[in-house]
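S.K.: File follows, work28.cif with mmCIF, C-alpha atoms and all ligand atoms:
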```cif
data_structure
#
loop_
_atom_site.group_PDB
_atom_site.id
_atom_site.type_symbol
_atom_site.label_atom_id
_atom_site.label_comp_id
_atom_site.auth_asym_id
_atom_site.auth_seq_id
_atom_site.Cartn_x
_atom_site.Cartn_y
_atom_site.Cartn_z
ATOM 1 C CA MET Z 108 39.575 -105.440 -20.232
ATOM 2 C CA ILE Z 109 42.334 -106.176 -22.724
ATOM 3 C CA ALA Z 110 45.249 -103.781 -23.218
ATOM 4 C CA ILE Z 111 47.577 -103.587 -26.205
ATOM 5 C CA THR Z 112 51.161 -102.500 -25.596
ATOM 6 C CA SER Z 113 53.730 -101.711 -28.276
ATOM 7 C CA ILE Z 114 57.187 -103.235 -28.032
ATOM 8 C CA PRO Z 115 59.479 -101.233 -30.338
ATOM 9 C CA ALA Z 116 62.370 -103.216 -31.836
ATOM 10 C CA PHE Z 117 64.995 -102.972 -34.593
ATOM 11 C CA ASN Z 118 64.739 -99.681 -36.534
ATOM 12 C CA ASP Z 119 61.005 -99.374 -36.940
ATOM 13 C CA ASN Z 120 59.239 -102.633 -35.941
ATOM 14 C CA TYR Z 121 56.531 -102.971 -33.339
ATOM 15 C CA PHE Z 122 55.743 -106.304 -31.699
ATOM 16 C CA TRP Z 123 52.244 -106.047 -30.209
ATOM 17 C CA LEU Z 124 51.484 -107.447 -26.766
ATOM 18 C CA ILE Z 125 47.804 -108.247 -26.057
ATOM 19 C CA HIS Z 126 47.277 -108.691 -22.336
ATOM 20 C CA ASP Z 127 45.241 -108.362 -19.164
ATOM 21 C CA ASN Z 128 46.831 -108.040 -15.724
ATOM 22 C CA ASN Z 129 48.204 -111.596 -15.744
ATOM 23 C CA ASN Z 130 48.537 -113.128 -19.204
ATOM 24 C CA ALA Z 131 49.775 -111.986 -22.591
ATOM 25 C CA ILE Z 132 50.108 -113.073 -26.181
ATOM 26 C CA VAL Z 133 52.545 -111.436 -28.577
ATOM 27 C CA VAL Z 134 52.241 -110.816 -32.321
ATOM 28 C CA ASP Z 135 55.320 -111.216 -34.557
ATOM 29 C CA PRO Z 136 58.187 -111.251 -32.034
ATOM 30 C CA GLY Z 137 61.207 -110.775 -34.305
ATOM 31 C CA LEU Z 138 63.479 -110.670 -31.262
ATOM 32 C CA ALA Z 139 63.023 -112.261 -27.813
ATOM 33 C CA GLU Z 140 64.875 -109.775 -25.620
ATOM 34 C CA PRO Z 141 62.499 -106.762 -25.719
ATOM 35 C CA VAL Z 142 59.513 -109.107 -25.264
ATOM 36 C CA LEU Z 143 61.120 -110.775 -22.223
ATOM 37 C CA TYR Z 144 61.932 -107.367 -20.782
ATOM 38 C CA THR Z 145 58.354 -106.092 -21.279
ATOM 39 C CA LEU Z 146 56.782 -109.260 -19.816
ATOM 40 C CA ASP Z 147 59.039 -108.958 -16.799
ATOM 41 C CA HIS Z 148 58.382 -105.241 -16.389
ATOM 42 C CA LEU Z 149 54.575 -105.723 -16.550
ATOM 43 C CA ASN Z 150 54.705 -108.965 -14.542
ATOM 44 C CA LEU Z 151 52.944 -111.017 -17.241
ATOM 45 C CA GLU Z 152 53.001 -114.671 -18.274
ATOM 46 C CA LEU Z 153 53.310 -115.325 -22.036
ATOM 47 C CA THR Z 154 50.555 -117.771 -23.052
ATOM 48 C CA GLY Z 155 50.746 -117.650 -26.851
ATOM 49 C CA ILE Z 156 52.433 -116.275 -29.964
ATOM 50 C CA LEU Z 157 50.790 -115.222 -33.251
ATOM 51 C CA VAL Z 158 52.797 -115.036 -36.484
ATOM 52 C CA THR Z 159 51.627 -113.107 -39.570
ATOM 53 C CA HIS Z 160 54.361 -114.243 -41.990
ATOM 54 C CA HIS Z 161 57.793 -115.817 -42.297
ATOM 55 C CA HIS Z 162 60.128 -112.778 -42.475
ATOM 56 C CA ALA Z 163 62.864 -112.890 -39.843
ATOM 57 C CA ASP Z 164 61.949 -109.548 -38.258
ATOM 58 C CA HIS Z 165 58.563 -111.114 -37.415
ATOM 59 C CA CYS Z 166 59.589 -114.545 -36.150
ATOM 60 C CA GLY Z 167 63.265 -114.390 -35.104
ATOM 61 C CA GLY Z 168 62.417 -114.376 -31.378
ATOM 62 C CA ILE Z 169 59.855 -117.194 -31.333
ATOM 63 C CA ALA Z 170 62.150 -120.124 -30.504
ATOM 64 C CA GLU Z 171 63.601 -118.475 -27.399
ATOM 65 C CA LEU Z 172 60.188 -117.323 -26.121
ATOM 66 C CA LYS Z 173 58.641 -120.745 -26.772
ATOM 67 C CA THR Z 174 61.419 -122.506 -24.897
ATOM 68 C CA LYS Z 175 61.026 -120.247 -21.899
ATOM 69 C CA TYR Z 176 57.201 -120.180 -21.709
ATOM 70 C CA GLN Z 177 56.251 -123.498 -23.401
ATOM 71 C CA CYS Z 178 53.403 -121.655 -25.148
ATOM 72 C CA PRO Z 179 51.583 -122.459 -28.411
ATOM 73 C CA VAL Z 180 52.544 -120.649 -31.639
ATOM 74 C CA TRP Z 181 49.857 -119.957 -34.258
ATOM 75 C CA GLY Z 182 50.581 -119.308 -37.937
ATOM 76 C CA SER Z 183 50.151 -120.534 -41.491
ATOM 77 C CA SER Z 184 50.836 -124.215 -42.196
ATOM 78 C CA LYS Z 185 52.225 -123.173 -45.591
ATOM 79 C CA ASP Z 186 54.939 -120.872 -44.226
ATOM 80 C CA ASN Z 187 57.411 -123.572 -43.149
ATOM 81 C CA ILE Z 188 58.227 -121.953 -39.819
ATOM 82 C CA ALA Z 189 59.457 -124.810 -37.636
ATOM 83 C CA THR Z 190 58.304 -123.196 -34.381
ATOM 84 C CA ILE Z 191 54.615 -123.013 -35.424
ATOM 85 C CA ASP Z 192 52.649 -125.819 -33.772
ATOM 86 C CA ARG Z 193 49.048 -124.570 -34.213
ATOM 87 C CA PHE Z 194 48.247 -124.177 -37.887
ATOM 88 C CA CYS Z 195 45.496 -121.769 -38.883
ATOM 89 C CA ASP Z 196 43.969 -120.415 -42.061
ATOM 90 C CA ASP Z 197 41.334 -118.009 -43.374
ATOM 91 C CA GLY Z 198 38.100 -118.121 -41.358
ATOM 92 C CA ASP Z 199 39.523 -120.002 -38.373
ATOM 93 C CA PHE Z 200 38.996 -118.712 -34.857
ATOM 94 C CA ILE Z 201 41.760 -118.929 -32.269
ATOM 95 C CA ASP Z 202 40.498 -119.348 -28.751
ATOM 96 C CA ILE Z 203 42.771 -117.662 -26.212
ATOM 97 C CA GLU Z 204 41.210 -118.988 -23.038
ATOM 98 C CA GLU Z 205 43.576 -117.192 -20.660
ATOM 99 C CA LEU Z 206 42.397 -113.816 -22.001
ATOM 100 C CA SER Z 207 38.788 -114.904 -22.783
ATOM 101 C CA ILE Z 208 39.111 -113.751 -26.400
ATOM 102 C CA LYS Z 209 38.527 -115.352 -29.795
ATOM 103 C CA ILE Z 210 40.662 -114.131 -32.684
ATOM 104 C CA GLN Z 211 39.571 -114.482 -36.304
ATOM 105 C CA VAL Z 212 42.180 -115.441 -38.909
ATOM 106 C CA ILE Z 213 42.090 -113.580 -42.237
ATOM 107 C CA SER Z 214 44.228 -114.683 -45.168
ATOM 108 C CA VAL Z 215 45.836 -111.640 -46.845
ATOM 109 C CA PRO Z 216 48.343 -112.754 -49.513
ATOM 110 C CA GLY Z 217 50.401 -110.135 -51.343
ATOM 111 C CA HIS Z 218 53.438 -109.109 -49.266
ATOM 112 C CA THR Z 219 54.098 -112.842 -48.899
ATOM 113 C CA ARG Z 220 52.142 -115.726 -50.372
ATOM 114 C CA ASN Z 221 50.711 -116.991 -47.066
ATOM 115 C CA HIS Z 222 50.435 -113.791 -45.029
ATOM 116 C CA LEU Z 223 47.785 -113.875 -42.274
ATOM 117 C CA ALA Z 224 46.062 -111.064 -40.367
ATOM 118 C CA TYR Z 225 44.388 -111.460 -36.980
ATOM 119 C CA PHE Z 226 41.096 -109.755 -36.147
ATOM 120 C CA LEU Z 227 39.742 -109.436 -32.645
ATOM 121 C CA PRO Z 228 36.029 -108.512 -32.860
ATOM 122 C CA ASN Z 229 34.755 -106.021 -30.318
ATOM 123 C CA SER Z 230 33.361 -107.309 -27.078
ATOM 124 C CA GLN Z 231 33.286 -106.194 -23.475
ATOM 125 C CA GLN Z 232 36.992 -106.990 -23.543
ATOM 126 C CA SER Z 233 38.121 -104.716 -26.392
ATOM 127 C CA ASN Z 234 37.376 -102.594 -29.465
ATOM 128 C CA ASN Z 235 37.525 -104.104 -32.932
ATOM 129 C CA VAL Z 236 41.235 -104.696 -33.369
ATOM 130 C CA LEU Z 237 43.324 -105.850 -36.349
ATOM 131 C CA PHE Z 238 46.928 -107.055 -36.408
ATOM 132 C CA CYS Z 239 47.898 -106.851 -40.058
ATOM 133 C CA GLY Z 240 51.675 -107.471 -40.097
ATOM 134 C CA ASP Z 241 53.183 -106.104 -43.319
ATOM 135 C CA THR Z 242 49.942 -106.027 -45.332
ATOM 136 C CA LEU Z 243 48.342 -102.724 -44.361
ATOM 137 C CA PHE Z 244 50.406 -99.868 -42.922
ATOM 138 C CA SER Z 245 49.143 -96.484 -41.872
ATOM 139 C CA ALA Z 246 48.982 -94.510 -45.156
ATOM 140 C CA GLY Z 247 50.636 -97.376 -47.043
ATOM 141 C CA CYS Z 248 50.842 -101.101 -47.703
ATOM 142 C CA GLY Z 249 53.525 -103.791 -47.808
ATOM 143 C CA ARG Z 250 55.789 -104.403 -50.769
ATOM 144 C CA LEU Z 251 54.897 -107.246 -53.113
ATOM 145 C CA PHE Z 252 57.691 -109.730 -52.370
ATOM 146 C CA GLU Z 253 55.852 -112.945 -53.267
ATOM 147 C CA GLY Z 254 52.266 -112.161 -54.234
ATOM 148 C CA THR Z 255 50.733 -110.288 -57.163
ATOM 149 C CA ALA Z 256 49.211 -106.809 -57.213
ATOM 150 C CA GLU Z 257 45.818 -108.422 -57.795
ATOM 151 C CA GLN Z 258 46.181 -110.572 -54.649
ATOM 152 C CA MET Z 259 47.279 -107.618 -52.534
ATOM 153 C CA TRP Z 260 44.443 -105.403 -53.787
ATOM 154 C CA LYS Z 261 41.956 -108.174 -52.904
ATOM 155 C CA SER Z 262 43.547 -108.558 -49.465
ATOM 156 C CA LEU Z 263 43.331 -104.812 -48.804
ATOM 157 C CA GLN Z 264 39.661 -104.813 -49.865
ATOM 158 C CA LYS Z 265 38.999 -107.593 -47.330
ATOM 159 C CA LEU Z 266 40.509 -105.399 -44.625
ATOM 160 C CA MET Z 267 38.529 -102.371 -45.841
ATOM 161 C CA ASP Z 268 35.345 -104.411 -45.318
ATOM 162 C CA LEU Z 269 36.052 -104.647 -41.576
ATOM 163 C CA PRO Z 270 34.107 -102.188 -39.393
ATOM 164 C CA ASP Z 271 35.264 -98.571 -39.824
ATOM 165 C CA ASP Z 272 36.040 -98.279 -36.116
ATOM 166 C CA THR Z 273 38.547 -101.164 -36.255
ATOM 167 C CA HIS Z 274 41.847 -100.145 -34.639
ATOM 168 C CA ILE Z 275 44.728 -101.301 -36.797
ATOM 169 C CA TYR Z 276 48.125 -102.389 -35.523
ATOM 170 C CA PRO Z 277 50.657 -102.806 -38.374
ATOM 171 C CA ALA Z 278 54.140 -104.145 -37.688
ATOM 172 C CA HIS Z 279 56.138 -101.066 -38.738
ATOM 173 C CA GLU Z 280 56.320 -97.348 -37.997
ATOM 174 C CA TYR Z 281 56.330 -96.220 -41.637
ATOM 175 C CA THR Z 282 53.542 -93.656 -41.320
ATOM 176 C CA LEU Z 283 55.531 -90.476 -41.911
ATOM 177 C CA SER Z 284 57.293 -91.590 -45.097
ATOM 178 C CA ASN Z 285 54.045 -93.153 -46.330
ATOM 179 C CA LEU Z 286 52.227 -89.849 -45.792
ATOM 180 C CA GLU Z 287 54.908 -88.005 -47.755
ATOM 181 C CA PHE Z 288 54.193 -90.300 -50.698
ATOM 182 C CA ALA Z 289 50.407 -89.946 -50.146
ATOM 183 C CA ALA Z 290 50.778 -86.138 -50.294
ATOM 184 C CA HIS Z 291 52.786 -86.497 -53.514
ATOM 185 C CA ILE Z 292 50.059 -88.680 -55.095
ATOM 186 C CA GLU Z 293 47.103 -86.647 -53.791
ATOM 187 C CA PRO Z 294 48.351 -83.060 -53.263
ATOM 188 C CA ASP Z 295 44.763 -81.793 -52.922
ATOM 189 C CA ASN Z 296 43.807 -84.225 -50.134
ATOM 190 C CA LYS Z 297 43.627 -81.949 -47.083
ATOM 191 C CA MET Z 298 43.200 -84.896 -44.702
ATOM 192 C CA VAL Z 299 46.606 -86.164 -45.880
ATOM 193 C CA SER Z 300 48.388 -82.814 -45.425
ATOM 194 C CA ASP Z 301 46.789 -82.207 -42.005
ATOM 195 C CA TYR Z 302 47.586 -85.737 -40.814
ATOM 196 C CA LEU Z 303 51.155 -85.431 -42.123
ATOM 197 C CA GLN Z 304 51.657 -82.382 -39.884
ATOM 198 C CA HIS Z 305 50.123 -84.202 -36.913
ATOM 199 C CA VAL Z 306 52.294 -87.316 -37.332
ATOM 200 C CA SER Z 307 55.458 -85.177 -37.847
ATOM 201 C CA LEU Z 308 54.861 -83.645 -34.414
ATOM 202 C CA LEU Z 309 54.188 -87.040 -32.803
ATOM 203 C CA ARG Z 310 57.341 -88.567 -34.255
ATOM 204 C CA LYS Z 311 59.476 -85.582 -33.262
ATOM 205 C CA ILE Z 312 58.719 -86.385 -29.620
ATOM 206 C CA GLY Z 313 58.962 -90.146 -30.126
ATOM 207 C CA ILE Z 314 55.258 -91.070 -29.848
ATOM 208 C CA PRO Z 315 54.093 -93.985 -32.069
ATOM 209 C CA SER Z 316 51.665 -92.997 -34.838
ATOM 210 C CA LEU Z 317 49.830 -96.301 -34.273
ATOM 211 C CA PRO Z 318 47.230 -97.646 -33.886
ATOM 212 C CA SER Z 319 45.361 -96.146 -36.799
ATOM 213 C CA ASN Z 320 41.819 -97.140 -37.777
ATOM 214 C CA ILE Z 321 40.036 -98.248 -40.930
ATOM 215 C CA ASN Z 322 37.967 -95.058 -41.208
ATOM 216 C CA LEU Z 323 41.074 -92.847 -41.131
ATOM 217 C CA GLU Z 324 42.942 -95.102 -43.573
ATOM 218 C CA LYS Z 325 40.093 -94.848 -46.101
ATOM 219 C CA GLN Z 326 40.704 -91.087 -46.145
ATOM 220 C CA ILE Z 327 44.522 -90.930 -46.176
ATOM 221 C CA ASN Z 328 45.864 -94.206 -47.573
ATOM 222 C CA PRO Z 329 46.398 -94.054 -51.355
ATOM 223 C CA PHE Z 330 46.343 -97.875 -51.543
ATOM 224 C CA LEU Z 331 42.790 -97.932 -50.132
ATOM 225 C CA ARG Z 332 41.781 -95.032 -52.411
ATOM 226 C CA ILE Z 333 42.375 -96.775 -55.737
ATOM 227 C CA LYS Z 334 38.825 -95.959 -56.911
ATOM 228 C CA GLU Z 335 39.328 -92.180 -56.391
ATOM 229 C CA PRO Z 336 39.353 -90.311 -59.752
ATOM 230 C CA ALA Z 337 42.491 -88.330 -58.764
ATOM 231 C CA ILE Z 338 44.429 -91.564 -58.092
ATOM 232 C CA GLN Z 339 43.112 -93.286 -61.214
ATOM 233 C CA LYS Z 340 44.267 -90.258 -63.229
ATOM 234 C CA ILE Z 341 47.822 -90.447 -61.821
ATOM 235 C CA ALA Z 342 47.933 -94.177 -62.599
ATOM 236 C CA GLN Z 343 46.677 -93.622 -66.159
ATOM 237 C CA SER Z 344 49.370 -91.036 -66.801
ATOM 238 C CA ASN Z 345 52.124 -93.329 -65.411
ATOM 239 C CA GLY Z 346 50.913 -96.703 -66.662
ATOM 240 C CA ASN Z 347 50.989 -98.168 -70.132
ATOM 241 C CA ALA Z 348 47.343 -99.266 -70.515
ATOM 242 C CA THR Z 349 44.769 -96.777 -71.775
ATOM 243 C CA LYS Z 350 41.988 -98.281 -69.673
ATOM 244 C CA MET Z 351 42.934 -99.762 -66.322
ATOM 245 C CA ASN Z 352 41.014 -101.947 -63.913
ATOM 246 C CA ASP Z 353 41.380 -101.363 -60.165
ATOM 247 C CA SER Z 354 44.159 -103.888 -59.634
ATOM 248 C CA GLN Z 355 46.151 -102.346 -62.500
ATOM 249 C CA VAL Z 356 45.721 -98.930 -60.877
ATOM 250 C CA PHE Z 357 46.863 -100.471 -57.597
ATOM 251 C CA ALA Z 358 49.894 -102.069 -59.313
ATOM 252 C CA THR Z 359 50.910 -98.747 -60.882
ATOM 253 C CA ILE Z 360 50.624 -96.804 -57.593
ATOM 254 C CA ARG Z 361 52.596 -99.571 -55.820
ATOM 255 C CA GLU Z 362 55.359 -99.292 -58.463
ATOM 256 C CA LEU Z 363 55.432 -95.518 -58.057
ATOM 257 C CA LYS Z 364 55.859 -95.977 -54.298
ATOM 258 C CA ASP Z 365 58.683 -98.520 -54.829
ATOM 259 C CA ARG Z 366 60.568 -95.914 -56.860
ATOM 260 C CA TYR Z 367 59.658 -92.886 -54.702
HETATM 261 ZN ZN ZN Z 401 57.593 -108.776 -44.128
#
```
Would you mind writing the structure in this file as structure tokens?
M.R.:
Amino acid sequence: MIAITSIPAFNDNYFWLIHDNNNAIVVDPGLAEPVLYTLDHLNLELTGILVTHHHADHCGGIAELKTKYQCPVWGSSKDNIATIDRFCDDGDFIDIEELSIKIQVISVPGHTRNHLAYFLPNSQQSNNVLFCGDTLFSAGCGRLFEGTAEQMWKSLQKLMDLPDDTHIYPAHEYTLSNLEFAAHIEPDNKMVSDYLQHVSLLRKIGIPSLPSNINLEKQINPFLRIKEPAIQKIAQSNGNATKMNDSQVFATIRELKDRY
């Protein structure tokens, strides 16, 4: 059976460690030290690194980990990260022999141009699991640094098409502030207000709000609820077009969040 352990780092990042009792791979190690400490503490060998995108808080620790463990690093060929030596793209499968798992690569541009997500389909080893970097957060989504609103909306729809029971592991603990915005956008959504209370309690005692799952996100995440009449209405009253398509609604809600 595979376990997934969070490695908190910086202010609000999580690096995710996927492991059995002997071997591990890590997603987005922005810093080597906490990963080295966790590997040592759990007595694990690092056998691979997955990178979702080129931001420093996601890849700053790769070089040191690679030097120590001599392990392969998977990521986009278009991201110009010198430490990546196994290029992958949408639809590819990554075979992690040491853990007997196959990970599917999903291209999700928007936050950055070449952002990748990694999906581990359920098996005897694990549930359906998604590592989505800075694309999908619990109750939110990543900022549009390089891509367009249309690209990001398409990427989020791809993720919404994954099985509802997919556990999602984003790279940041932004859930509480995202839920505050979600409650502002959809004040009548009781799921949002109830979940906001729940996550406030968790965070008060230092428990991560993650993983979330696709089913929950469809009910609380305004960026996955673009087709809801209440959200379309807010967008209409804040946007400049009289009739908006879904990606224009998405763009308007994203702008509101940027200014919130
Ligand atoms: Zn980022």
S.K.: If you count all atoms listed in the file, which residues end up within 7 Å of ligand ZN 401 (chain Z), as a list in words?
M.R.: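 Listed by chain and ascending number, the contacts are His160, His162, His218 and Asp241 of chain Z.
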S.K.: Report the distance between atom CA of Z:Tyr121 and atom CA of Z:Ile109 in Å, rounded to one decimal place.
M.R.: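 We find that atom CA of Z:Tyr121 and atom CA of Z:Ile109 lie 18.0 Å from each other.
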S.K.: Write out as a PyMOL selection string each polymer residue whose atoms come within 12 Å of Z:Glu152, counting only C-alpha atoms; drop sequence neighbours fewer than 5 positions from it.
M.R.: chain Z and resi 124-133+142-147+172-173+175-178+205-206
S.K.: Can you measure atom CA of Z:Asn234 to atom CA of Z:Val180 for me? One decimal in Å is fine.
M.R.: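 Computed distance, atom CA of Z:Asn234 to atom CA of Z:Val180, equals 23.7 Å.
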S.K.: Taking the file as shown, what set of residues would the PyMOL selection byres (((chain Z and resi 267) around 9) and not hetatm) give back, as a list in words?
M.R.: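 Applying the PyMOL selection byres (((chain Z and resi 267) around 9) and not hetatm) to the structure shown produces Ser262, Leu263, Gln264, Lys265, Leu266, Asp268, Leu269, Pro270, Asp271, Ile321, Asn322, Glu324, Lys325 and Leu331 of chain Z.
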S.K.: Given all atoms listed in the file as the basis, pick out the residue of Z:Ile292, Z:Gly313, Z:Thr273, Z:Met298 nearest to Z:Gln339.
M.R.: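 Once distances to Z:Gln339 are computed over all atoms listed in the file, the minimum belongs to Z:Ile292.
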S.K.: Find the spatial neighbours of Z:Met259, counting all atoms listed in the file, within a cut-off of 10 Å - ignore same-chain residues fewer than 2 positions away - and output them as number ranges by chain.
M.R.: Z: 215-220, 242-243, 248-251, 254-257, 261-265, 330, 354, 357-358
S.K.: Nearest to Z:Gln304 among Z:Leu317, Z:Ala290, Z:Val212, Z:Ala348, with distances taken over all atoms listed in the file: which residue is it?
M.R.: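 Checking each of Z:Leu317, Z:Ala290, Z:Val212, Z:Ala348 against Z:Gln304, counting all atoms listed in the file, the winner is Z:Ala290.
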S.K.: Record the distance separating atom CA of Z:Gly155 and atom CA of Z:Glu280, expressed in Å with one decimal.
M.R.: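 Rounded to one decimal, the two atoms are 23.8 Å apart.
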S.K.: Which residues match the PyMOL selection byres (((chain Z and resi 134) around 8) and not hetatm) in the file above, as a ChimeraX atom specification?
M.R.: /Z:122-124,132-133,135-136,156-159,238
S.K.: Give as a PyMOL selection string the residues that the PyMOL selection byres (((chain Z and resi 337) around 12) and not hetatm) matches when applied to the coordinates above.
M.R.: chain Z and resi 289+291-296+329+332-336+338-344+356+360
S.K.: Put a box with edges along x, y and z around all the listed atoms of stretch 349-354 of chain Z, pad it by 4 Å on each side, then give me its centre and sizes in Å, one decimal, as AutoDock Vina command-line options.
M.R.:
```
--center_x 42.9 --center_y -100.3 --center_z -65.7 --size_x 11.8 --size_y 15.1 --size_z 20.1
```
